[in-house]
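Student: Below you will find the structure I want to go over with you.
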Amino acid sequence: MSHLKVYLLVVVSFLMVSCMSAHQGQTRAPLSATPRTPEVVKTDADTLSYVVRFHSDGDRDRFISAFQNFLQNYTYTSAHIDSGEGYVSIKMLPVETISEDEEDRELGFRPVEESIFEEFIYSEEIVEMLDSAEFEPLPQPRKGGFVTFYSQRGFFDNTFSELTNPHPFESTDEKEALFTVTDSSFRRVELQLSGRLLNGAGQSITAMDIIQLWTEFVRNHPAEGLALFRNVQGVEAFIRGEEPVVRGFYAVDGLTLQLRMESPDPEAVERIRSANLLWSSFMLGPYYIREQQGRDAFLQPNPNSRFITPYLDSSVVRLGGDQNPVLSYSLGRFDAMILSSTDDIEYVQRNLNDNSELKKLSSDRYFVACRLPDLAARRFVAGVIQPQSLLSDFLKYEGETIQSVVIDTMDFDVASAPVSSMMPSIDKPLRILYTNEDPASIKIAEKLLADLTNSGIRSVLNGVGRRKYELALVNKDYDLAIGWAPESVTEDKAQQLRLSTIWFDGYDNPIERVKEFREIPLFKVHNYFLAKEDISLHEGRPAGIHMYREEEAQDEWDDEMPDTREHEDEDESTSDAQEYDDYDFLWE
């Protein structure tokens, strides 16, 4: 294997430098004033395993892409790759054992039917490396700084709520979950707090406080509250204003409380496995809302956050309202924002690439919920809607069409379903419900209105704020409702129950919903996190946002990692890209 070892080291080193140098000449300047090449900071004795440190995510991603292309064209081995922020670990795994004579003859260049390449993305931590016992976890970001966010939506959506809402049942080896289910049946769920809880203001949270805050949540967010507490005694009557409290919320003692059911609910525990259970007013997340002035929510770090460390000194989230947020970002009014528009993304890539970075976040899956009682009418409406044209020609967002909100691939496709040419008999205009605090929903509703009108179906728009939108959903005051769910709905049972409860009257069979045209799937929209180059996301999560200082990162790296190159000859340094010109034959 000797030739292969040397050959792979040359390939890895060449890709490290060539990816970086090409990028510097064509796109953007590095973070620091003095460009530095990536470094091989750890190798096994057999030189078939590497840990490479990069100085930007862009260099790292280009290296992975180039290495993948190499494996596809010249596969001799399979590769296991782990990557974190600025780091890549590679372990070459031989596909088969061959003799040195065969290796001498072939030099690793032989055709294969399929390249074996796997990439596992882990944020800020290199996992399953050469020998995990040899490495300490990568250093935590340093605290400090102030960031102004911009949210396209006029409320804390699934992305930004991560800053304020902890997950009630998340736990680690060192820390217990905030809640523990101590008893559950179809008629009752008992929860216990894991000891004394302090919120961001230093106040102790008891079972009675939780009941009060849950009641406030149901009052302010009736649809979301119903999704959490469906079948809890008195919750629907409370939403209708018929009862002053939710009877099913019961405090056993200071640390124990119960949810008592009106009717048996075998999925009651699954419903509450959501970060909404401890919404922002609990002040238990990594940040809490100190105050809100108009559209600006001022966040403070929570010194008592149990799981996620807040790194910023403070921050502000601007909740919608800007007609040209990308322009405002370019003028320095915002430090970070969420993008989905193709035009905005292209503008950023053309004009802001020198001092900003884009990171892809999770997607949102959009759909239309149809409450028309007649199957033929629902089928006709579904036939009028053209998701692909709506996405690419009208909405102009990054994304792709979907066959179901919950299931990525299914046999039945609404777009290919036969559509009756006979217009159904509809006595009154269809009410199209949407929230006017979501730009995508506004455009979808306007296009839907135009298409229905052109098809001879009278319709009216009902664009309202978030709370009125939720009330209309609960009261079933609509015929068509535009909604969306986070990408996690494809796997998260709590999100699936939320979807069926809020938009489909508890009808939880996703295949039948689509076949009966109650659910008209549209597309998933890709979200991108745009931020100044000195802002980064620890573990790839918005809650891990921090100010990145390259000098500090280098200091921490020097302190944390052992020096594995102390015996190397400095004269053998290969930091200059020019030294690799001799290996251009590898790519010819």
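Labels used: A, B, ... for chains in the order of the structure tokens, numbers from 1 for residues in each chain, and numbers from 1 for ligands as shown.
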List every residue of region 362-533 of chain A that DSSP, applied to the backbone of this structure, places in strand (DSSP E), and write the result as a ChimeraX atom specification.

Tutor: /A:362-370,399-401,430-435,459-464,480-486,519-532

Student: Excluding Asn509 (chain A) and its own-chain neighbours fewer than 3 positions away, which residues fall within 10 Å of it when counting only C-alpha atoms? Please give them as a list in words.

Tutor: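 Neighbouring residues, sequence-local ones excluded: Val406, Gln496, Ser500, Phe504, Gly506, Glu512, Arg513 and Val514 of chain A.
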
Student: Taking into account only C-alpha atoms, which residue in the set A:Thr501, A:Leu448, A:Lys396, A:Pro439 is nearest to Arg271 (chain A)?

Tutor: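 That would be A:Thr501, the residue with the smallest distance to Arg271 (chain A).
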
Student: Just how far from CA of Asp477 (chain A) is CA of Gln388 (chain A), in Å to one decimal?

Tutor: 28.1 Å

Student: Check the smallest atom-to-atom distance from each of A:Phe380, A:Arg260, A:Pro166, A:Gly320 to Arg295 (chain A) using only C-alpha atoms, then report the winner.

Tutor: A:Gly320

Student: Run DSSP on the backbone and give me the residues of region 149-389 of chain A it puts in alpha helix (DSSP H), as a PyMOL selection string.

Tutor: chain A and resi 207-220+222-229+235-239+268-271+325-330+342-351+375-384+387-389

Student: Could you give me, as a list in words, the residues within 12 Å of region 201-205 of chain A, counting only C-alpha atoms and dropping anything in the same chain fewer than 5 positions from it?

Tutor: Leu178, Leu193, Ser194, Gly195, Arg196, Ile210, Ile211, Gln212, Leu213, Gly254, Leu255, Thr256, Leu278, Ser281, Phe282, Met283, Leu284, Gly285, Tyr287, Tyr288, Ile289, Arg290, Gln300, Pro301, Asn302, Pro303, Asn304 and Ser305 of chain A

Student: Excluding region 462-474 of chain A and its own-chain neighbours fewer than 5 positions away, which residues fall within 9 Å of it when counting only C-alpha atoms? Please give them as an NGL selection string.

Tutor: :A and (154-155 or 220-224 or 226 or 239 or 431-437 or 442 or 445 or 481 or 502-503 or 505)

Student: Could you dump the residues just selected with N, CA, C and O atoms as a PDB file, in the first residue's frame?

Tutor:
ATOM      1  N   GLY A 154     -43.580  38.008  10.327  1.00  0.00           N
ATOM      2  CA  GLY A 154     -43.856  38.979  11.384  1.00  0.00           C
ATOM      3  C   GLY A 154     -43.994  38.361  12.752  1.00  0.00           C
ATOM      4  O   GLY A 154     -44.660  38.937  13.630  1.00  0.00           O
ATOM      5  N   PHE A 155     -43.397  37.207  12.966  1.00  0.00           N
ATOM      6  CA  PHE A 155     -43.475  36.536  14.267  1.00  0.00           C
ATOM      7  C   PHE A 155     -42.291  35.589  14.375  1.00  0.00           C
ATOM      8  O   PHE A 155     -41.576  35.339  13.394  1.00  0.00           O
ATOM      9  N   ASN A 220     -53.393  33.073  23.404  1.00  0.00           N
ATOM     10  CA  ASN A 220     -52.742  33.850  22.358  1.00  0.00           C
ATOM     11  C   ASN A 220     -52.515  33.063  21.071  1.00  0.00           C
ATOM     12  O   ASN A 220     -52.420  33.660  19.990  1.00  0.00           O
ATOM     13  N   HIS A 221     -52.416  31.745  21.184  1.00  0.00           N
ATOM     14  CA  HIS A 221     -52.153  30.897  20.024  1.00  0.00           C
ATOM     15  C   HIS A 221     -53.132  29.718  20.042  1.00  0.00           C
ATOM     16  O   HIS A 221     -52.746  28.577  20.329  1.00  0.00           O
ATOM     17  N   PRO A 222     -54.403  29.984  19.734  1.00  0.00           N
ATOM     18  CA  PRO A 222     -55.431  28.941  19.911  1.00  0.00           C
ATOM     19  C   PRO A 222     -55.193  27.677  19.082  1.00  0.00           C
ATOM     20  O   PRO A 222     -55.405  26.573  19.589  1.00  0.00           O
ATOM     21  N   ALA A 223     -54.758  27.818  17.838  1.00  0.00           N
ATOM     22  CA  ALA A 223     -54.533  26.621  17.017  1.00  0.00           C
ATOM     23  C   ALA A 223     -53.328  25.834  17.515  1.00  0.00           C
ATOM     24  O   ALA A 223     -53.379  24.601  17.615  1.00  0.00           O
ATOM     25  N   GLU A 224     -52.233  26.531  17.819  1.00  0.00           N
ATOM     26  CA  GLU A 224     -51.051  25.853  18.346  1.00  0.00           C
ATOM     27  C   GLU A 224     -51.346  25.243  19.709  1.00  0.00           C
ATOM     28  O   GLU A 224     -50.858  24.157  20.036  1.00  0.00           O
ATOM     29  N   LEU A 226     -54.261  24.140  20.720  1.00  0.00           N
ATOM     30  CA  LEU A 226     -55.087  22.959  20.500  1.00  0.00           C
ATOM     31  C   LEU A 226     -54.240  21.792  20.000  1.00  0.00           C
ATOM     32  O   LEU A 226     -54.490  20.633  20.347  1.00  0.00           O
ATOM     33  N   ILE A 239     -61.041  28.084  24.452  1.00  0.00           N
ATOM     34  CA  ILE A 239     -60.758  28.796  23.212  1.00  0.00           C
ATOM     35  C   ILE A 239     -62.003  29.520  22.707  1.00  0.00           C
ATOM     36  O   ILE A 239     -61.925  30.658  22.209  1.00  0.00           O
ATOM     37  N   ARG A 431     -63.565  31.090   0.368  1.00  0.00           N
ATOM     38  CA  ARG A 431     -62.785  31.932   1.280  1.00  0.00           C
ATOM     39  C   ARG A 431     -61.367  31.377   1.378  1.00  0.00           C
ATOM     40  O   ARG A 431     -61.162  30.271   1.857  1.00  0.00           O
ATOM     41  N   ILE A 432     -60.409  32.177   0.921  1.00  0.00           N
ATOM     42  CA  ILE A 432     -58.997  31.766   0.934  1.00  0.00           C
ATOM     43  C   ILE A 432     -58.330  32.414   2.145  1.00  0.00           C
ATOM     44  O   ILE A 432     -58.148  33.633   2.192  1.00  0.00           O
ATOM     45  N   LEU A 433     -57.985  31.598   3.121  1.00  0.00           N
ATOM     46  CA  LEU A 433     -57.397  32.082   4.368  1.00  0.00           C
ATOM     47  C   LEU A 433     -55.872  31.975   4.305  1.00  0.00           C
ATOM     48  O   LEU A 433     -55.333  30.955   3.875  1.00  0.00           O
ATOM     49  N   TYR A 434     -55.203  33.007   4.756  1.00  0.00           N
ATOM     50  CA  TYR A 434     -53.742  32.989   4.854  1.00  0.00           C
ATOM     51  C   TYR A 434     -53.313  34.037   5.872  1.00  0.00           C
ATOM     52  O   TYR A 434     -54.083  34.941   6.224  1.00  0.00           O
ATOM     53  N   THR A 435     -52.083  33.921   6.351  1.00  0.00           N
ATOM     54  CA  THR A 435     -51.565  34.936   7.255  1.00  0.00           C
ATOM     55  C   THR A 435     -50.782  35.962   6.442  1.00  0.00           C
ATOM     56  O   THR A 435     -49.923  35.603   5.630  1.00  0.00           O
ATOM     57  N   ASN A 436     -51.097  37.226   6.666  1.00  0.00           N
ATOM     58  CA  ASN A 436     -50.407  38.294   5.939  1.00  0.00           C
ATOM     59  C   ASN A 436     -49.064  38.647   6.578  1.00  0.00           C
ATOM     60  O   ASN A 436     -48.437  39.635   6.198  1.00  0.00           O
ATOM     61  N   GLU A 437     -48.621  37.830   7.520  1.00  0.00           N
ATOM     62  CA  GLU A 437     -47.305  38.020   8.134  1.00  0.00           C
ATOM     63  C   GLU A 437     -46.254  37.083   7.548  1.00  0.00           C
ATOM     64  O   GLU A 437     -45.137  37.022   8.049  1.00  0.00           O
ATOM     65  N   ILE A 442     -48.735  35.231   1.150  1.00  0.00           N
ATOM     66  CA  ILE A 442     -49.424  36.315   0.447  1.00  0.00           C
ATOM     67  C   ILE A 442     -49.383  36.071  -1.056  1.00  0.00           C
ATOM     68  O   ILE A 442     -50.407  36.168  -1.750  1.00  0.00           O
ATOM     69  N   ALA A 445     -51.558  33.054  -2.106  1.00  0.00           N
ATOM     70  CA  ALA A 445     -52.983  33.374  -2.063  1.00  0.00           C
ATOM     71  C   ALA A 445     -53.395  34.219  -3.267  1.00  0.00           C
ATOM     72  O   ALA A 445     -54.451  33.981  -3.877  1.00  0.00           O
ATOM     73  N   ALA A 481     -57.146  27.059   2.999  1.00  0.00           N
ATOM     74  CA  ALA A 481     -56.183  27.699   3.906  1.00  0.00           C
ATOM     75  C   ALA A 481     -54.771  27.369   3.452  1.00  0.00           C
ATOM     76  O   ALA A 481     -54.453  26.214   3.173  1.00  0.00           O
ATOM     77  N   ILE A 502     -54.269  21.083  13.371  1.00  0.00           N
ATOM     78  CA  ILE A 502     -54.526  22.479  13.022  1.00  0.00           C
ATOM     79  C   ILE A 502     -55.254  22.608  11.689  1.00  0.00           C
ATOM     80  O   ILE A 502     -56.201  23.400  11.568  1.00  0.00           O
ATOM     81  N   TRP A 503     -54.844  21.827  10.675  1.00  0.00           N
ATOM     82  CA  TRP A 503     -55.371  22.058   9.330  1.00  0.00           C
ATOM     83  C   TRP A 503     -56.325  20.978   8.823  1.00  0.00           C
ATOM     84  O   TRP A 503     -57.021  21.208   7.837  1.00  0.00           O
ATOM     85  N   ASP A 505     -58.499  18.769  10.891  1.00  0.00           N
ATOM     86  CA  ASP A 505     -59.501  18.265  11.847  1.00  0.00           C
ATOM     87  C   ASP A 505     -59.096  16.939  12.478  1.00  0.00           C
ATOM     88  O   ASP A 505     -59.951  16.100  12.787  1.00  0.00           O
TER      89      ASP A 505
END

Student: Go ahead and compute the interatomic distance for CA of Phe517 (chain A) and CA of Ala369 (chain A), in Å to one decimal.

Tutor: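 Taking CA of Phe517 (chain A) and CA of Ala369 (chain A), their separation equals 8.5 Å.
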
Student: Tell me which protein, DNA and RNA residues are within 12 Å of Thr172 (chain A), counting only C-alpha atoms, leaving out same-chain ones fewer than 3 positions away, and put them as a list of chain:residue names.

Tutor: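 In the requested format, the answer is A:Phe169, A:Lys175, A:Glu176, A:Ala177, A:Leu178, A:Arg306, A:Phe307, A:Ile308.
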
Student: From the options A:Arg187, A:Arg333, A:His546, A:Lys443, which residue's atoms come nearest to Phe394 (chain A), counting only C-alpha atoms?

Tutor: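 The closest residue to Phe394 (chain A) is A:Lys443.
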
Student: Using CA of Thr180 (chain A) and CA of Val245 (chain A) as the two end points, give the distance in Å to one decimal.

Tutor: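 CA of Val245 (chain A) lies at a distance of 24.4 Å from CA of Thr180 (chain A).
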
Student: Just checking: using only C-alpha atoms, which residue out of A:Gln323, A:Ser404, A:Asn527, A:Thr309 ends up closest to Gly144 (chain A)?

Tutor: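 Looking at the shortest contact to Gly144 (chain A), the residue is A:Thr309.
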
Student: Can you tell me, as an MDAnalysis selection string, what residues are no more than 12 Å from region 370-376 of chain A when counting only C-alpha atoms, ignoring any on the same chain fewer than 6 positions away?

Tutor: chainID A and resid 382:383 418:433 473 476:483 503:505 507 513:521
